[in-house]
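Dropping start29.txt in here (compact mmCIF, N, CA and C atoms):
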```txt
# COMPACT_ATOMS: atom_id res chain seq x y z
N MET A 1 19.85 0.02 0.15
CA MET A 1 19.84 0.43 1.53
C MET A 1 18.55 1.20 1.81
N LEU A 2 17.91 0.88 2.91
CA LEU A 2 16.71 1.59 3.31
C LEU A 2 17.09 2.82 4.12
N LEU A 3 16.51 3.95 3.75
CA LEU A 3 16.77 5.19 4.48
C LEU A 3 15.51 5.58 5.22
N PHE A 4 15.50 5.40 6.51
CA PHE A 4 14.34 5.73 7.33
C PHE A 4 14.53 7.10 7.96
N ARG A 5 13.44 7.82 8.10
CA ARG A 5 13.49 9.14 8.75
C ARG A 5 13.69 9.01 10.25
N GLU A 6 13.18 7.96 10.81
CA GLU A 6 13.25 7.75 12.25
C GLU A 6 14.09 6.51 12.53
N LYS A 7 14.58 6.43 13.74
CA LYS A 7 15.33 5.24 14.16
C LYS A 7 14.35 4.05 14.21
N VAL A 8 14.76 2.97 13.61
CA VAL A 8 13.92 1.77 13.53
C VAL A 8 14.35 0.81 14.64
N PRO A 9 13.39 0.30 15.42
CA PRO A 9 13.75 -0.66 16.47
C PRO A 9 14.44 -1.89 15.88
N ALA A 10 15.35 -2.44 16.63
CA ALA A 10 16.12 -3.61 16.17
C ALA A 10 15.23 -4.81 15.88
N ASP A 11 14.09 -4.90 16.55
CA ASP A 11 13.22 -6.07 16.35
C ASP A 11 12.24 -5.89 15.19
N TRP A 12 12.39 -4.81 14.41
CA TRP A 12 11.47 -4.53 13.31
C TRP A 12 11.47 -5.65 12.26
N LEU A 13 12.63 -5.98 11.74
CA LEU A 13 12.70 -6.98 10.67
C LEU A 13 12.23 -8.36 11.13
N PRO A 14 12.63 -8.85 12.28
CA PRO A 14 12.11 -10.15 12.72
C PRO A 14 10.58 -10.15 12.84
N LYS A 15 10.00 -9.04 13.28
CA LYS A 15 8.54 -8.96 13.38
C LYS A 15 7.89 -9.04 12.00
N VAL A 16 8.48 -8.35 11.03
CA VAL A 16 7.95 -8.39 9.65
C VAL A 16 8.05 -9.81 9.11
N LEU A 17 9.21 -10.41 9.25
CA LEU A 17 9.42 -11.75 8.71
C LEU A 17 8.55 -12.80 9.40
N ALA A 18 8.20 -12.55 10.65
CA ALA A 18 7.36 -13.49 11.40
C ALA A 18 5.93 -13.53 10.86
N ASP A 19 5.50 -12.46 10.21
CA ASP A 19 4.14 -12.42 9.66
C ASP A 19 4.15 -11.79 8.27
N LEU A 20 5.07 -12.26 7.42
CA LEU A 20 5.22 -11.71 6.08
C LEU A 20 3.94 -11.78 5.25
N PRO A 21 3.15 -12.86 5.30
CA PRO A 21 1.91 -12.86 4.53
C PRO A 21 1.00 -11.67 4.88
N ALA A 22 0.86 -11.36 6.15
CA ALA A 22 0.02 -10.23 6.55
C ALA A 22 0.60 -8.91 6.06
N VAL A 23 1.92 -8.79 6.10
CA VAL A 23 2.58 -7.57 5.62
C VAL A 23 2.34 -7.39 4.12
N LEU A 24 2.44 -8.48 3.36
CA LEU A 24 2.23 -8.39 1.92
C LEU A 24 0.78 -8.07 1.57
N VAL A 25 -0.16 -8.67 2.28
CA VAL A 25 -1.58 -8.36 2.05
C VAL A 25 -1.84 -6.88 2.37
N ASP A 26 -1.29 -6.41 3.48
CA ASP A 26 -1.45 -5.00 3.85
C ASP A 26 -0.83 -4.10 2.78
N HIS A 27 0.33 -4.49 2.27
CA HIS A 27 1.00 -3.70 1.23
C HIS A 27 0.13 -3.62 -0.02
N ALA A 28 -0.49 -4.73 -0.40
CA ALA A 28 -1.39 -4.72 -1.56
C ALA A 28 -2.52 -3.72 -1.34
N HIS A 29 -3.12 -3.74 -0.17
CA HIS A 29 -4.21 -2.81 0.13
C HIS A 29 -3.73 -1.36 0.06
N LEU A 30 -2.52 -1.09 0.53
CA LEU A 30 -2.00 0.27 0.48
C LEU A 30 -1.77 0.74 -0.95
N GLU A 31 -1.31 -0.15 -1.82
CA GLU A 31 -1.14 0.21 -3.23
C GLU A 31 -2.49 0.53 -3.87
N ARG A 32 -3.51 -0.28 -3.56
CA ARG A 32 -4.85 -0.03 -4.10
C ARG A 32 -5.40 1.29 -3.58
N LYS A 33 -5.20 1.55 -2.30
CA LYS A 33 -5.69 2.81 -1.71
C LYS A 33 -4.99 4.01 -2.32
N ALA A 34 -3.71 3.89 -2.63
CA ALA A 34 -2.98 4.99 -3.25
C ALA A 34 -3.57 5.31 -4.62
N ALA A 35 -3.90 4.27 -5.39
CA ALA A 35 -4.52 4.49 -6.70
C ALA A 35 -5.89 5.14 -6.56
N THR A 36 -6.67 4.66 -5.63
CA THR A 36 -8.01 5.21 -5.39
C THR A 36 -7.93 6.66 -4.95
N THR A 37 -6.99 6.98 -4.11
CA THR A 37 -6.83 8.36 -3.63
C THR A 37 -6.50 9.29 -4.79
N ALA A 38 -5.59 8.87 -5.66
CA ALA A 38 -5.24 9.71 -6.82
C ALA A 38 -6.47 9.96 -7.68
N LEU A 39 -7.27 8.94 -7.92
CA LEU A 39 -8.49 9.12 -8.72
C LEU A 39 -9.50 10.00 -8.01
N ASN A 40 -9.65 9.84 -6.72
CA ASN A 40 -10.61 10.65 -5.96
C ASN A 40 -10.22 12.12 -5.92
N LEU A 41 -8.95 12.43 -6.00
CA LEU A 41 -8.51 13.82 -5.99
C LEU A 41 -8.93 14.57 -7.25
N GLU A 42 -9.22 13.83 -8.32
CA GLU A 42 -9.59 14.46 -9.58
C GLU A 42 -10.90 15.23 -9.50
N LYS A 43 -11.71 14.97 -8.51
CA LYS A 43 -13.01 15.64 -8.41
C LYS A 43 -12.90 17.08 -7.91
N TYR A 44 -11.74 17.45 -7.40
CA TYR A 44 -11.58 18.80 -6.86
C TYR A 44 -11.19 19.78 -7.97
N ARG A 45 -12.00 20.81 -8.11
CA ARG A 45 -11.84 21.79 -9.19
C ARG A 45 -10.41 22.35 -9.25
N ASP A 46 -9.83 22.62 -8.10
CA ASP A 46 -8.47 23.18 -8.08
C ASP A 46 -7.44 22.22 -8.66
N LEU A 47 -7.77 20.95 -8.70
CA LEU A 47 -6.83 19.95 -9.21
C LEU A 47 -7.10 19.55 -10.65
N TYR A 48 -8.10 20.15 -11.30
CA TYR A 48 -8.39 19.81 -12.70
C TYR A 48 -7.16 19.91 -13.59
N PRO A 49 -6.31 20.93 -13.41
CA PRO A 49 -5.11 21.00 -14.27
C PRO A 49 -4.13 19.84 -14.05
N ARG A 50 -4.32 19.09 -12.99
CA ARG A 50 -3.39 18.00 -12.66
C ARG A 50 -3.98 16.63 -12.95
N VAL A 51 -5.08 16.59 -13.70
CA VAL A 51 -5.76 15.31 -13.95
C VAL A 51 -4.83 14.30 -14.61
N GLU A 52 -4.06 14.72 -15.59
CA GLU A 52 -3.17 13.77 -16.26
C GLU A 52 -2.12 13.22 -15.29
N GLU A 53 -1.59 14.09 -14.44
CA GLU A 53 -0.61 13.65 -13.45
C GLU A 53 -1.24 12.68 -12.45
N LEU A 54 -2.46 13.00 -12.02
CA LEU A 54 -3.16 12.11 -11.08
C LEU A 54 -3.47 10.76 -11.72
N ASN A 55 -3.86 10.78 -13.00
CA ASN A 55 -4.11 9.52 -13.70
C ASN A 55 -2.83 8.69 -13.80
N ALA A 56 -1.71 9.35 -14.07
CA ALA A 56 -0.43 8.63 -14.17
C ALA A 56 -0.08 7.99 -12.82
N ILE A 57 -0.34 8.72 -11.75
CA ILE A 57 -0.08 8.17 -10.41
C ILE A 57 -0.98 6.97 -10.16
N ALA A 58 -2.27 7.10 -10.51
CA ALA A 58 -3.22 6.00 -10.29
C ALA A 58 -2.80 4.76 -11.08
N ILE A 59 -2.39 4.95 -12.32
CA ILE A 59 -1.96 3.82 -13.15
C ILE A 59 -0.73 3.15 -12.54
N GLU A 60 0.23 3.96 -12.13
CA GLU A 60 1.45 3.40 -11.53
C GLU A 60 1.13 2.63 -10.25
N GLU A 61 0.25 3.18 -9.43
CA GLU A 61 -0.10 2.49 -8.18
C GLU A 61 -0.87 1.20 -8.46
N LEU A 62 -1.73 1.20 -9.48
CA LEU A 62 -2.43 -0.04 -9.85
C LEU A 62 -1.45 -1.08 -10.38
N GLN A 63 -0.42 -0.64 -11.08
CA GLN A 63 0.62 -1.58 -11.52
C GLN A 63 1.34 -2.17 -10.32
N HIS A 64 1.62 -1.34 -9.32
CA HIS A 64 2.24 -1.85 -8.09
C HIS A 64 1.31 -2.85 -7.41
N PHE A 65 0.02 -2.51 -7.36
CA PHE A 65 -0.98 -3.39 -6.76
C PHE A 65 -0.95 -4.75 -7.46
N GLN A 66 -0.90 -4.74 -8.80
CA GLN A 66 -0.88 -5.99 -9.56
C GLN A 66 0.39 -6.79 -9.27
N LEU A 67 1.52 -6.09 -9.14
CA LEU A 67 2.77 -6.79 -8.81
C LEU A 67 2.68 -7.50 -7.46
N VAL A 68 2.08 -6.82 -6.49
CA VAL A 68 1.95 -7.44 -5.16
C VAL A 68 0.95 -8.59 -5.22
N LEU A 69 -0.15 -8.42 -5.98
CA LEU A 69 -1.11 -9.53 -6.14
C LEU A 69 -0.43 -10.74 -6.77
N ASP A 70 0.41 -10.50 -7.78
CA ASP A 70 1.14 -11.60 -8.42
C ASP A 70 2.09 -12.28 -7.42
N LEU A 71 2.75 -11.49 -6.59
CA LEU A 71 3.64 -12.05 -5.58
C LEU A 71 2.86 -12.90 -4.57
N LEU A 72 1.70 -12.39 -4.15
CA LEU A 72 0.85 -13.16 -3.24
C LEU A 72 0.47 -14.50 -3.87
N LYS A 73 0.08 -14.45 -5.13
CA LYS A 73 -0.33 -15.68 -5.82
C LYS A 73 0.82 -16.68 -5.90
N ARG A 74 2.01 -16.18 -6.28
CA ARG A 74 3.18 -17.07 -6.38
C ARG A 74 3.52 -17.71 -5.04
N ARG A 75 3.28 -17.01 -3.96
CA ARG A 75 3.59 -17.52 -2.63
C ARG A 75 2.43 -18.30 -2.01
N GLY A 76 1.30 -18.38 -2.73
CA GLY A 76 0.15 -19.11 -2.21
C GLY A 76 -0.54 -18.39 -1.07
N ILE A 77 -0.44 -17.07 -1.05
CA ILE A 77 -1.06 -16.26 0.00
C ILE A 77 -2.34 -15.66 -0.55
N PRO A 78 -3.49 -15.95 0.04
CA PRO A 78 -4.73 -15.38 -0.47
C PRO A 78 -4.82 -13.88 -0.17
N PHE A 79 -5.34 -13.14 -1.15
CA PHE A 79 -5.62 -11.72 -0.92
C PHE A 79 -6.88 -11.65 -0.08
N SER A 80 -6.79 -10.97 1.04
CA SER A 80 -7.91 -10.92 1.98
C SER A 80 -7.92 -9.56 2.67
N GLN A 81 -8.82 -9.42 3.61
CA GLN A 81 -8.84 -8.19 4.40
C GLN A 81 -7.55 -8.10 5.21
N PRO A 82 -6.99 -6.90 5.33
CA PRO A 82 -5.79 -6.78 6.17
C PRO A 82 -6.16 -6.91 7.64
N HIS A 83 -5.16 -7.22 8.45
CA HIS A 83 -5.38 -7.25 9.90
C HIS A 83 -5.77 -5.85 10.36
N PRO A 84 -6.70 -5.74 11.31
CA PRO A 84 -7.05 -4.41 11.81
C PRO A 84 -5.85 -3.74 12.48
N SER A 85 -5.76 -2.46 12.28
CA SER A 85 -4.66 -1.70 12.86
C SER A 85 -4.90 -1.46 14.35
N PRO A 86 -3.94 -1.80 15.20
CA PRO A 86 -4.12 -1.52 16.63
C PRO A 86 -4.19 -0.01 16.89
N TRP A 87 -3.52 0.76 16.04
CA TRP A 87 -3.54 2.21 16.19
C TRP A 87 -4.95 2.74 15.94
N ILE A 88 -5.57 2.28 14.85
CA ILE A 88 -6.94 2.72 14.53
C ILE A 88 -7.91 2.22 15.60
N SER A 89 -7.74 0.99 16.03
CA SER A 89 -8.63 0.43 17.06
C SER A 89 -8.55 1.22 18.36
N GLY A 90 -7.40 1.83 18.62
CA GLY A 90 -7.22 2.57 19.86
C GLY A 90 -7.77 3.98 19.83
N LEU A 91 -8.25 4.42 18.66
CA LEU A 91 -8.80 5.78 18.58
C LEU A 91 -10.14 5.90 19.25
```

Can I see the file as structure tokens?
Amino acid sequence: MLLFREKVPADWLPKVLADLPAVLVDHAHLERKAATTALNLEKYRDLYPRVEELNAIAIEELQHFQLVLDLLKRRGIPFSQPHPSPWISGL
């Protein structure tokens, strides 16, 4: 069961299923970004004591990234740039 913090519109799932390849490509990018963020945090002196924890997070996120890449490959979906975010475009 998915537990959302906010009420999810009823048309959420049909929208996802209508463009599942784009959702999966976006998900892959988010996993990669999570790994990169964990590694980038290691440069901050205050976080030096947490380097091992940050590395563990980066490794786990890269494993997730690989799982999504494998799923894309099995489904014949090319890994590509994600669709631009309308939210970001509106800034």

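Proximity to Leu69 of chain A was assessed for A:Leu24, A:Leu54, A:Leu17, A:Ala10 counting all atoms listed in the file; the smallest distance is recorded for A:Leu24.
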
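With only C-alpha atoms as the atoms that count, the minimum distance from Glu60 of chain A to the choices A:Ala35, A:Asp19, A:Trp12, A:Gly90 is reached by A:Ala35.
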
Using only N, CA and C atoms: which of A:Leu72, A:Ile57, A:Leu62, A:Val8 has the shortest distance to Glu31 of chain A: A:Leu62

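Straight-line separation from atom N of Asn40 of chain A to atom CA of Ala28 of chain A: 17.5 Å.
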
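Coordinates place atom N of Val51 of chain A at a distance of 26.5 Å from atom CA of Val68 of chain A.
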
Secondary structure check, alpha helix (DSSP H) residues of segment 24-70 of chain A, as an MDAnalysis selection string: chainID A and resid 24:41 51:70

Go ahead and save the residues from that selection, with N, CA and C atoms, as a short mmCIF file (atom, residue, chain, number, x, y, z; two decimals), in the coordinates of the input.
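Result written to part_5.cif:
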```
data_model
loop_
_atom_site.label_atom_id
_atom_site.label_comp_id
_atom_site.auth_asym_id
_atom_site.auth_seq_id
_atom_site.Cartn_x
_atom_site.Cartn_y
_atom_site.Cartn_z
N LEU A 24 2.44 -8.48 3.36
CA LEU A 24 2.23 -8.39 1.92
C LEU A 24 0.78 -8.07 1.57
N VAL A 25 -0.16 -8.67 2.28
CA VAL A 25 -1.58 -8.36 2.05
C VAL A 25 -1.84 -6.88 2.37
N ASP A 26 -1.29 -6.41 3.48
CA ASP A 26 -1.45 -5.00 3.85
C ASP A 26 -0.83 -4.10 2.78
N HIS A 27 0.33 -4.49 2.27
CA HIS A 27 1.00 -3.70 1.23
C HIS A 27 0.13 -3.62 -0.02
N ALA A 28 -0.49 -4.73 -0.40
CA ALA A 28 -1.39 -4.72 -1.56
C ALA A 28 -2.52 -3.72 -1.34
N HIS A 29 -3.12 -3.74 -0.17
CA HIS A 29 -4.21 -2.81 0.13
C HIS A 29 -3.73 -1.36 0.06
N LEU A 30 -2.52 -1.09 0.53
CA LEU A 30 -2.00 0.27 0.48
C LEU A 30 -1.77 0.74 -0.95
N GLU A 31 -1.31 -0.15 -1.82
CA GLU A 31 -1.14 0.21 -3.23
C GLU A 31 -2.49 0.53 -3.87
N ARG A 32 -3.51 -0.28 -3.56
CA ARG A 32 -4.85 -0.03 -4.10
C ARG A 32 -5.40 1.29 -3.58
N LYS A 33 -5.20 1.55 -2.30
CA LYS A 33 -5.69 2.81 -1.71
C LYS A 33 -4.99 4.01 -2.32
N ALA A 34 -3.71 3.89 -2.63
CA ALA A 34 -2.98 4.99 -3.25
C ALA A 34 -3.57 5.31 -4.62
N ALA A 35 -3.90 4.27 -5.39
CA ALA A 35 -4.52 4.49 -6.70
C ALA A 35 -5.89 5.14 -6.56
N THR A 36 -6.67 4.66 -5.63
CA THR A 36 -8.01 5.21 -5.39
C THR A 36 -7.93 6.66 -4.95
N THR A 37 -6.99 6.98 -4.11
CA THR A 37 -6.83 8.36 -3.63
C THR A 37 -6.50 9.29 -4.79
N ALA A 38 -5.59 8.87 -5.66
CA ALA A 38 -5.24 9.71 -6.82
C ALA A 38 -6.47 9.96 -7.68
N LEU A 39 -7.27 8.94 -7.92
CA LEU A 39 -8.49 9.12 -8.72
C LEU A 39 -9.50 10.00 -8.01
N ASN A 40 -9.65 9.84 -6.72
CA ASN A 40 -10.61 10.65 -5.96
C ASN A 40 -10.22 12.12 -5.92
N LEU A 41 -8.95 12.43 -6.00
CA LEU A 41 -8.51 13.82 -5.99
C LEU A 41 -8.93 14.57 -7.25
N VAL A 51 -5.08 16.59 -13.70
CA VAL A 51 -5.76 15.31 -13.95
C VAL A 51 -4.83 14.30 -14.61
N GLU A 52 -4.06 14.72 -15.59
CA GLU A 52 -3.17 13.77 -16.26
C GLU A 52 -2.12 13.22 -15.29
N GLU A 53 -1.59 14.09 -14.44
CA GLU A 53 -0.61 13.65 -13.45
C GLU A 53 -1.24 12.68 -12.45
N LEU A 54 -2.46 13.00 -12.02
CA LEU A 54 -3.16 12.11 -11.08
C LEU A 54 -3.47 10.76 -11.72
N ASN A 55 -3.86 10.78 -13.00
CA ASN A 55 -4.11 9.52 -13.70
C ASN A 55 -2.83 8.69 -13.80
N ALA A 56 -1.71 9.35 -14.07
CA ALA A 56 -0.43 8.63 -14.17
C ALA A 56 -0.08 7.99 -12.82
N ILE A 57 -0.34 8.72 -11.75
CA ILE A 57 -0.08 8.17 -10.41
C ILE A 57 -0.98 6.97 -10.16
N ALA A 58 -2.27 7.10 -10.51
CA ALA A 58 -3.22 6.00 -10.29
C ALA A 58 -2.80 4.76 -11.08
N ILE A 59 -2.39 4.95 -12.32
CA ILE A 59 -1.96 3.82 -13.15
C ILE A 59 -0.73 3.15 -12.54
N GLU A 60 0.23 3.96 -12.13
CA GLU A 60 1.45 3.40 -11.53
C GLU A 60 1.13 2.63 -10.25
N GLU A 61 0.25 3.18 -9.43
CA GLU A 61 -0.10 2.49 -8.18
C GLU A 61 -0.87 1.20 -8.46
N LEU A 62 -1.73 1.20 -9.48
CA LEU A 62 -2.43 -0.04 -9.85
C LEU A 62 -1.45 -1.08 -10.38
N GLN A 63 -0.42 -0.64 -11.08
CA GLN A 63 0.62 -1.58 -11.52
C GLN A 63 1.34 -2.17 -10.32
N HIS A 64 1.62 -1.34 -9.32
CA HIS A 64 2.24 -1.85 -8.09
C HIS A 64 1.31 -2.85 -7.41
N PHE A 65 0.02 -2.51 -7.36
CA PHE A 65 -0.98 -3.39 -6.76
C PHE A 65 -0.95 -4.75 -7.46
N GLN A 66 -0.90 -4.74 -8.80
CA GLN A 66 -0.88 -5.99 -9.56
C GLN A 66 0.39 -6.79 -9.27
N LEU A 67 1.52 -6.09 -9.14
CA LEU A 67 2.77 -6.79 -8.81
C LEU A 67 2.68 -7.50 -7.46
N VAL A 68 2.08 -6.82 -6.49
CA VAL A 68 1.95 -7.44 -5.16
C VAL A 68 0.95 -8.59 -5.22
N LEU A 69 -0.15 -8.42 -5.98
CA LEU A 69 -1.11 -9.53 -6.14
C LEU A 69 -0.43 -10.74 -6.77
N ASP A 70 0.41 -10.50 -7.78
CA ASP A 70 1.14 -11.60 -8.42
C ASP A 70 2.09 -12.28 -7.42
#
```

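Picture a line from atom C of Leu47 of chain A to atom C of Phe65 of chain A; it runs 25.3 Å.
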
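By only C-alpha atoms, and with residues fewer than 4 positions from Pro82 of chain A along its chain excluded, the set lying at most 12 Å from it is A:Asp19, A:Pro21, A:Ala22, A:Val23, A:Leu24, A:Val25, A:Asp26, A:His27, A:Ala28, A:His29, A:Leu30, A:Pro78, A:Pro86.
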
Pick from A:Glu42, A:Ser89, A:Ala18, A:Phe4 nearest to Ala58 of chain A, counting only C-alpha atoms: A:Glu42

Using the file's own x, y and z axes, what box holds all listed atoms of segment 33-47 of chain A with 6 Å on each side, keeping edges along x, y and z, and what are its centre and edge lengths in Å to one decimal, as lines of an AutoDock Vina configuration file?
```
center_x = -8.0
center_y = 12.4
center_z = -6.2
size_x = 22.0
size_y = 33.6
size_z = 20.9
```

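Comparing the minimum interatomic distances between Arg32 of chain A and each of A:Ile77, A:Leu3, A:Leu67, A:Leu20, counting only C-alpha atoms, we find that A:Leu67 sits nearest.
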